[in-house]
>>> print(open('structure_22.pdb').read())   # PDB, C-alpha atoms
MODEL        1
ATOM      1  CA  GLN A  17      45.953  90.808 187.838
ATOM      2  CA  LYS A  18      46.292  90.448 184.049
ATOM      3  CA  GLN A  19      43.048  88.501 183.880
ATOM      4  CA  ARG A  20      41.233  91.120 185.963
ATOM      5  CA  LEU A  21      42.462  93.873 183.646
ATOM      6  CA  MET A  22      41.444  91.841 180.605
ATOM      7  CA  ASN A  23      37.955  91.391 182.016
ATOM      8  CA  ILE A  24      37.707  95.154 182.451
ATOM      9  CA  ALA A  25      38.914  95.719 178.890
ATOM     10  CA  GLN A  26      36.328  93.292 177.505
ATOM     11  CA  LYS A  27      33.498  95.026 179.391
ATOM     12  CA  LYS A  28      34.615  98.382 177.992
ATOM     13  CA  MET A  29      34.688  96.919 174.493
ATOM     14  CA  GLN A  30      31.150  95.614 174.886
ATOM     15  CA  THR A  31      29.977  99.164 175.577
ATOM     16  CA  ASN A  32      32.125 100.538 172.753
ATOM     17  CA  LYS A  33      34.340 102.489 175.161
ATOM     18  CA  LEU A  34      37.440 101.609 173.171
ATOM     19  CA  ASP A  35      39.706 104.241 174.698
ATOM     20  CA  LEU A  36      39.011 102.886 178.193
ATOM     21  CA  ALA A  37      39.532  99.342 176.956
ATOM     22  CA  ILE A  38      42.927 100.365 175.593
ATOM     23  CA  ASP A  39      43.779 101.896 178.969
ATOM     24  CA  SER A  40      43.247  98.478 180.562
ATOM     25  CA  LEU A  41      45.286  96.771 177.851
ATOM     26  CA  ASN A  42      48.111  99.243 178.399
ATOM     27  CA  LYS A  43      48.178  98.289 182.077
ATOM     28  CA  ILE A  44      48.546  94.647 181.055
ATOM     29  CA  LEU A  45      51.414  95.581 178.747
ATOM     30  CA  GLU A  46      53.108  97.436 181.605
ATOM     31  CA  ILE A  47      53.213  94.068 183.341
ATOM     32  CA  ASP A  48      54.166  92.068 180.247
ATOM     33  CA  PHE A  49      54.973  94.072 177.119
ATOM     34  CA  ASN A  50      55.674  90.858 175.208
ATOM     35  CA  ASP A  51      52.102  89.641 175.508
ATOM     36  CA  PHE A  52      51.583  89.719 171.751
ATOM     37  CA  GLU A  53      47.977  88.609 171.854
ATOM     38  CA  VAL A  54      47.196  91.676 173.960
ATOM     39  CA  ARG A  55      49.194  93.838 171.554
ATOM     40  CA  LYS A  56      47.227  92.382 168.654
ATOM     41  CA  LEU A  57      43.955  93.182 170.415
ATOM     42  CA  LYS A  58      45.182  96.710 171.124
ATOM     43  CA  ALA A  59      46.108  97.102 167.458
ATOM     44  CA  GLU A  60      42.606  96.045 166.392
ATOM     45  CA  LEU A  61      41.038  98.622 168.728
ATOM     46  CA  LEU A  62      43.359 101.353 167.482
ATOM     47  CA  LEU A  63      42.379 100.561 163.907
ATOM     48  CA  GLN A  64      38.706 100.741 164.837
ATOM     49  CA  MET A  65      39.364 104.181 166.331
ATOM     50  CA  GLY A  66      40.990 105.327 163.100
ATOM     51  CA  LYS A  67      44.516 105.382 164.552
ATOM     52  CA  THR A  68      45.932 103.429 161.643
ATOM     53  CA  GLY A  69      49.611 104.332 162.056
ATOM     54  CA  GLU A  70      49.823 103.283 165.685
ATOM     55  CA  GLY A  71      47.730 100.202 165.054
ATOM     56  CA  MET A  72      49.957  99.133 162.163
ATOM     57  CA  LEU A  73      53.042  99.422 164.364
ATOM     58  CA  HIS A  74      51.633  96.880 166.782
ATOM     59  CA  LEU A  75      50.376  94.608 164.006
ATOM     60  CA  ARG A  76      53.809  94.541 162.395
ATOM     61  CA  ASP A  77      55.488  93.681 165.695
ATOM     62  CA  VAL A  78      52.991  90.873 166.222
ATOM     63  CA  ALA A  79      53.534  89.588 162.677
ATOM     64  CA  GLU A  80      57.290  89.511 163.198
ATOM     65  CA  TYR A  81      56.790  87.696 166.496
ATOM     66  CA  TYR A  82      54.677  85.074 164.733
ATOM     67  CA  ARG A  83      57.338  84.722 162.041
ATOM     68  CA  SER A  84      60.187  84.359 164.548
ATOM     69  CA  GLU A  85      58.254  81.707 166.493
ATOM     70  CA  GLY A  86      57.429  79.719 163.373
ATOM     71  CA  PHE A  87      53.751  80.658 163.155
ATOM     72  CA  TYR A  88      54.092  81.384 159.460
ATOM     73  CA  VAL A  89      50.418  81.098 158.516
ATOM     74  CA  LYS A  90      49.513  83.707 161.143
ATOM     75  CA  ALA A  91      52.396  85.951 160.074
ATOM     76  CA  ILE A  92      51.383  85.787 156.412
ATOM     77  CA  ALA A  93      47.761  86.506 157.301
ATOM     78  CA  LEU A  94      48.741  89.617 159.263
ATOM     79  CA  TYR A  95      51.029  90.918 156.517
ATOM     80  CA  LYS A  96      48.257  90.408 153.967
ATOM     81  CA  ARG A  97      45.886  92.333 156.213
ATOM     82  CA  MET A  98      48.391  95.170 156.598
ATOM     83  CA  GLY A  99      48.919  95.183 152.851
ATOM     84  CA  LYS A 100      45.200  95.776 152.350
ATOM     85  CA  LEU A 101      45.181  98.531 154.975
ATOM     86  CA  ASP A 102      48.130 100.276 153.344
ATOM     87  CA  PRO A 103      48.466  98.996 149.752
ATOM     88  CA  GLU A 104      50.991 101.698 148.799
ATOM     89  CA  ASN A 105      53.496 100.596 151.441
ATOM     90  CA  ASP A 106      56.112  98.750 149.396
ATOM     91  CA  SER A 107      58.048  97.702 152.494
ATOM     92  CA  LEU A 108      55.125  95.625 153.739
ATOM     93  CA  LEU A 109      54.628  93.994 150.355
ATOM     94  CA  LEU A 110      58.321  93.122 150.046
ATOM     95  CA  HIS A 111      58.337  91.586 153.531
ATOM     96  CA  LEU A 112      55.269  89.570 152.617
ATOM     97  CA  ALA A 113      56.828  88.402 149.345
ATOM     98  CA  GLN A 114      59.969  87.191 151.131
ATOM     99  CA  LEU A 115      57.874  85.403 153.740
ATOM    100  CA  LEU A 116      55.931  83.673 150.962
ATOM    101  CA  ILE A 117      59.181  82.627 149.290
ATOM    102  CA  ASP A 118      60.456  81.197 152.570
ATOM    103  CA  GLN A 119      57.331  79.033 152.651
ATOM    104  CA  LYS A 120      57.787  78.098 148.965
ATOM    105  CA  LEU A 121      54.578  79.898 148.017
ATOM    106  CA  TYR A 122      56.221  81.123 144.833
ATOM    107  CA  ALA A 123      53.092  81.947 142.834
ATOM    108  CA  ASP A 124      51.853  84.353 145.508
ATOM    109  CA  ALA A 125      55.267  85.968 145.783
ATOM    110  CA  THR A 126      55.443  86.384 142.015
ATOM    111  CA  ASP A 127      52.077  88.165 142.025
ATOM    112  CA  ILE A 128      53.461  90.724 144.483
ATOM    113  CA  TYR A 129      56.694  91.309 142.558
ATOM    114  CA  MET A 130      54.790  91.684 139.289
ATOM    115  CA  GLN A 131      52.418  94.157 140.941
ATOM    116  CA  LEU A 132      55.338  96.229 142.212
ATOM    117  CA  ALA A 133      57.179  96.023 138.883
ATOM    118  CA  LYS A 134      54.165  97.387 137.014
ATOM    119  CA  LYS A 135      53.861 100.167 139.577
ATOM    120  CA  TYR A 136      57.515 101.172 139.100
ATOM    121  CA  GLU A 137      57.115 101.096 135.329
ATOM    122  CA  LEU A 138      54.247 103.573 135.610
ATOM    123  CA  LEU A 139      56.484 105.743 137.809
ATOM    124  CA  ASN A 140      59.187 105.529 135.126
ATOM    125  CA  ASN A 141      61.471 103.884 137.687
ATOM    126  CA  GLN A 142      62.955 101.248 135.399
ATOM    127  CA  ASN A 143      65.733 100.239 137.797
ATOM    128  CA  ARG A 144      63.289  99.187 140.476
ATOM    129  CA  ALA A 145      61.049  97.414 137.970
ATOM    130  CA  VAL A 146      64.028  95.372 136.767
ATOM    131  CA  ASP A 147      64.921  94.599 140.394
ATOM    132  CA  MET A 148      61.471  93.105 140.940
ATOM    133  CA  TYR A 149      61.710  90.936 137.818
ATOM    134  CA  LYS A 150      65.155  89.719 138.864
ATOM    135  CA  LYS A 151      63.817  88.723 142.281
ATOM    136  CA  ILE A 152      61.386  86.411 140.495
ATOM    137  CA  LEU A 153      64.235  84.853 138.499
ATOM    138  CA  ASN A 154      65.983  84.015 141.761
ATOM    139  CA  TYR A 155      63.488  81.192 142.277
ATOM    140  CA  GLN A 156      61.903  80.846 138.811
ATOM    141  CA  GLN A 157      64.825  80.980 136.413
ATOM    142  CA  GLU A 158      62.753  79.780 133.459
ATOM    143  CA  ASN A 159      59.848  82.190 133.869
ATOM    144  CA  GLU A 160      59.350  83.058 130.202
ATOM    145  CA  THR A 161      57.102  86.048 130.923
ATOM    146  CA  VAL A 162      59.743  87.694 133.094
ATOM    147  CA  LEU A 163      62.560  86.883 130.673
ATOM    148  CA  LYS A 164      60.618  88.502 127.836
ATOM    149  CA  LEU A 165      59.930  91.585 129.949
ATOM    150  CA  LEU A 166      63.621  91.936 130.756
ATOM    151  CA  GLU A 167      64.464  91.536 127.083
ATOM    152  CA  LYS A 168      61.960  94.295 126.286
ATOM    153  CA  PHE A 169      63.689  96.613 128.771
ATOM    154  CA  THR A 170      66.978  95.929 127.013
ATOM    155  CA  LEU A 171      65.565  96.736 123.578
ATOM    156  CA  ASP A 172      63.749  99.851 124.777
ATOM    157  CA  GLN A 173      66.826 101.549 126.245
ATOM    158  CA  PRO A 174      69.254 103.759 124.242
ATOM    159  CA  GLU A 175      72.372 101.873 123.257
ATOM    160  CA  ASN A 176      74.558 103.518 125.890
ATOM    161  CA  LYS A 177      72.012 102.874 128.650
ATOM    162  CA  LYS A 178      70.977  99.312 127.963
ATOM    163  CA  ILE A 179      70.685  96.755 130.709
ATOM    164  CA  GLN A 180      73.164  94.204 129.514
ATOM    165  CA  LEU A 181      72.145  90.642 130.351
ATOM    166  CA  LYS A 182      74.621  87.866 129.924
ATOM    167  CA  GLN A 183      73.609  84.241 129.714
ATOM    168  CA  THR A 184      75.479  81.581 131.649
ATOM    169  CA  GLY A 185      74.791  77.870 131.457
ATOM    170  CA  TYR A 186      73.885  75.922 134.581
ATOM    171  CA  ASP A 187      72.356  72.481 134.024
ATOM    172  CA  LYS A 188      69.119  73.127 132.128
ATOM    173  CA  HIS A 189      68.641  76.575 133.607
ATOM    174  CA  GLN A 190      69.627  79.901 132.177
ATOM    175  CA  VAL A 191      70.823  82.403 134.746
ATOM    176  CA  PHE A 192      70.721  86.046 133.776
ATOM    177  CA  GLU A 193      72.943  88.508 135.552
ATOM    178  CA  GLU A 194      72.955  92.288 135.364
ATOM    179  CA  THR A 195      76.350  93.556 134.307
ATOM    180  CA  GLU A 196      75.643  97.259 134.062
ATOM    181  CA  ILE A 197      73.275  99.517 135.979
ATOM    182  CA  PRO A 198      71.493 101.836 133.511
ATOM    183  CA  ALA A 199      71.590 105.571 133.955
ATOM    184  CA  TYR A 200      68.249 107.315 133.721
ATOM    185  CA  SER A 201      67.093 110.892 133.505
ATOM    186  CA  ASN A 202      66.644 113.033 136.561
ATOM    187  CA  ALA A 203      62.910 112.895 135.950
ATOM    188  CA  GLU A 204      62.884 109.313 137.209
ATOM    189  CA  LEU A 205      61.383 108.745 140.614
ATOM    190  CA  ASP A 206      64.090 107.074 142.625
ATOM    191  CA  PHE A 207      64.533 105.704 146.120
ATOM    192  CA  GLU A 208      66.591 107.840 148.502
ATOM    193  CA  ASP A 209      68.536 106.509 151.490
ATOM    194  CA  SER A 210      65.969 108.147 153.724
ATOM    195  CA  GLY A 211      63.386 105.632 152.577
ATOM    196  CA  VAL A 212      61.102 108.033 150.748
ATOM    197  CA  PHE A 213      60.349 108.967 147.166
ATOM    198  CA  THR A 214      61.457 112.357 145.933
ATOM    199  CA  ASP A 215      60.960 113.840 142.486
ATOM    200  CA  GLU A 216      64.367 114.846 141.211
ATOM    201  CA  SER A 217      62.878 116.567 138.173
ATOM    202  CA  LYS A 218      61.961 119.505 140.389
ATOM    203  CA  PRO A 219      65.134 121.200 141.669
ATOM    204  CA  GLY A 220      65.163 121.600 145.395
ATOM    205  CA  ASN A 221      62.051 119.512 145.806
ATOM    206  CA  THR A 222      62.266 117.602 149.068
ATOM    207  CA  GLU A 223      58.561 116.982 149.408
ATOM    208  CA  LEU A 224      57.755 113.698 151.081
ATOM    209  CA  ILE A 225      55.690 111.558 148.751
ATOM    210  CA  ARG A 226      55.492 108.234 150.511
ATOM    211  CA  PRO A 227      57.159 106.773 153.650
ATOM    212  CA  LEU A 228      58.340 103.245 153.183
ATOM    213  CA  PHE A 229      58.618 102.234 156.824
ATOM    214  CA  TYR A 230      56.779 102.770 160.044
ATOM    215  CA  ASP A 231      59.382 104.006 162.500
TER     216      ASP A 231
ENDMDL
END
>>> encode(input="structure_22.pdb", output="structure tokens")
Amino acid sequence: QKQRLMNIAQKKMQTNKLDLAIDSLNKILEIDFNDFEVRKLKAELLLQMGKTGEGMLHLRDVAEYYRSEGFYVKAIALYKRMGKLDPENDSLLLHLAQLLIDQKLYADATDIYMQLAKKYELLNNQNRAVDMYKKILNYQQENETVLKLLEKFTLDQPENKKIQLKQTGYDKHQVFEETEIPAYSNAELDFEDSGVFTDESKPGNTELIRPLFYD
């Protein structure tokens, strides 16, 4: 029955009747919701129809399935694709960076963290920028570029708000630890527990600026 429904879906796709093709795919998923190849195909059709949010939900589920089953190349490829579809979604980029680290693809992960750090600097969100730099130091403790950037943050802050970094010796490496979280002005864009950005410089402003997750 699944093959018959797939044949119908393919015929509908050939005539560009994507909504009818999705109907057939949905019937397959009613039989086996964990058919991730069918879910991936459905996601592609949804994206073609301009239903990006729904399509991204399925793509992310498929990517996580690939990751859990050890298909890391496929998982990374899907996360990179989603990152291009929604480049402002920090959650996707952070998931991708961690996946790259797990595969020891440190240079690619560093590119993502540096990209996010620069973004947070432009948003005047120094805490988050520092967090990104520190993530890099977790696997590249001698990254001179990052160490200099962290030193710059220390010098740029008022004395009572400095990020204090203490140096501890470990073999030939130098491990830097944050000992005090800096306090910043209310004008700083910060992350709320709800997973969205809000601008605290405008009293009572609860305007949603950017969702971080697809729920």
>>> residues_around(input="structure_22.pdb", residues="A:Ala145", least_positions_apart="3", cutoff="7 Å", atoms="all atoms listed in the file", output="count of residues only")
8
>>> residues_around(input="structure_22.pdb", residues="stretch 119-131 of chain A", least_positions_apart="3", cutoff="9 Å", atoms="all atoms listed in the file", output="JSON, numbers by chain")
{"A": [88, 109, 110, 112, 113, 114, 115, 116, 134, 135, 136, 145, 148, 149, 151, 152, 155, 156, 162]}
>>> closest_residue(input="structure_22.pdb", among="A:Leu101, A:Asp48, A:Ala25, A:Leu163", to="A:Thr68", atoms="only C-alpha atoms")
A:Leu101
>>> residues_around(input="structure_22.pdb", residues="A:Lys58", least_positions_apart="2", cutoff="12 Å", atoms="all atoms listed in the file", output="tab-separated table (two decimals) with C-alpha atoms, keeping the file's coordinate frame")
chain	number	residue	atom	x	y	z
A	22	MET	CA	41.44	91.84	180.60
A	25	ALA	CA	38.91	95.72	178.89
A	26	GLN	CA	36.33	93.29	177.50
A	29	MET	CA	34.69	96.92	174.49
A	34	LEU	CA	37.44	101.61	173.17
A	35	ASP	CA	39.71	104.24	174.70
A	36	LEU	CA	39.01	102.89	178.19
A	37	ALA	CA	39.53	99.34	176.96
A	38	ILE	CA	42.93	100.36	175.59
A	39	ASP	CA	43.78	101.90	178.97
A	40	SER	CA	43.25	98.48	180.56
A	41	LEU	CA	45.29	96.77	177.85
A	42	ASN	CA	48.11	99.24	178.40
A	43	LYS	CA	48.18	98.29	182.08
A	44	ILE	CA	48.55	94.65	181.06
A	45	LEU	CA	51.41	95.58	178.75
A	49	PHE	CA	54.97	94.07	177.12
A	51	ASP	CA	52.10	89.64	175.51
A	52	PHE	CA	51.58	89.72	171.75
A	53	GLU	CA	47.98	88.61	171.85
A	54	VAL	CA	47.20	91.68	173.96
A	55	ARG	CA	49.19	93.84	171.55
A	56	LYS	CA	47.23	92.38	168.65
A	60	GLU	CA	42.61	96.04	166.39
A	61	LEU	CA	41.04	98.62	168.73
A	62	LEU	CA	43.36	101.35	167.48
A	63	LEU	CA	42.38	100.56	163.91
A	64	GLN	CA	38.71	100.74	164.84
A	65	MET	CA	39.36	104.18	166.33
A	67	LYS	CA	44.52	105.38	164.55
A	68	THR	CA	45.93	103.43	161.64
A	70	GLU	CA	49.82	103.28	165.68
A	71	GLY	CA	47.73	100.20	165.05
A	72	MET	CA	49.96	99.13	162.16
A	73	LEU	CA	53.04	99.42	164.36
A	74	HIS	CA	51.63	96.88	166.78
A	75	LEU	CA	50.38	94.61	164.01
A	78	VAL	CA	52.99	90.87	166.22
>>> closest_residue(input="structure_22.pdb", among="A:Gln17, A:His111, A:Asp106, A:Leu153", to="A:Arg76", atoms="all atoms listed in the file")
A:His111
>>> atom_distance(input="structure_22.pdb", atom1="atom CA of A:Gly99", atom2="atom CA of A:Ala59")
15.0 Å
>>> atom_distance(input="structure_22.pdb", atom1="atom CA of A:Asn159", atom2="atom CA of A:Pro103")
25.8 Å
>>> atom_distance(input="structure_22.pdb", atom1="atom CA of A:Tyr82", atom2="atom CA of A:Lys150")
28.3 Å
>>> residues_around(input="structure_22.pdb", residues="A:Leu94", least_positions_apart="2", cutoff="8 Å", atoms="all atoms listed in the file", output="list of chain:residue names")
A:Leu75, A:Arg76, A:Ala79, A:Lys90, A:Ala91, A:Ile92, A:Lys96, A:Arg97, A:Met98
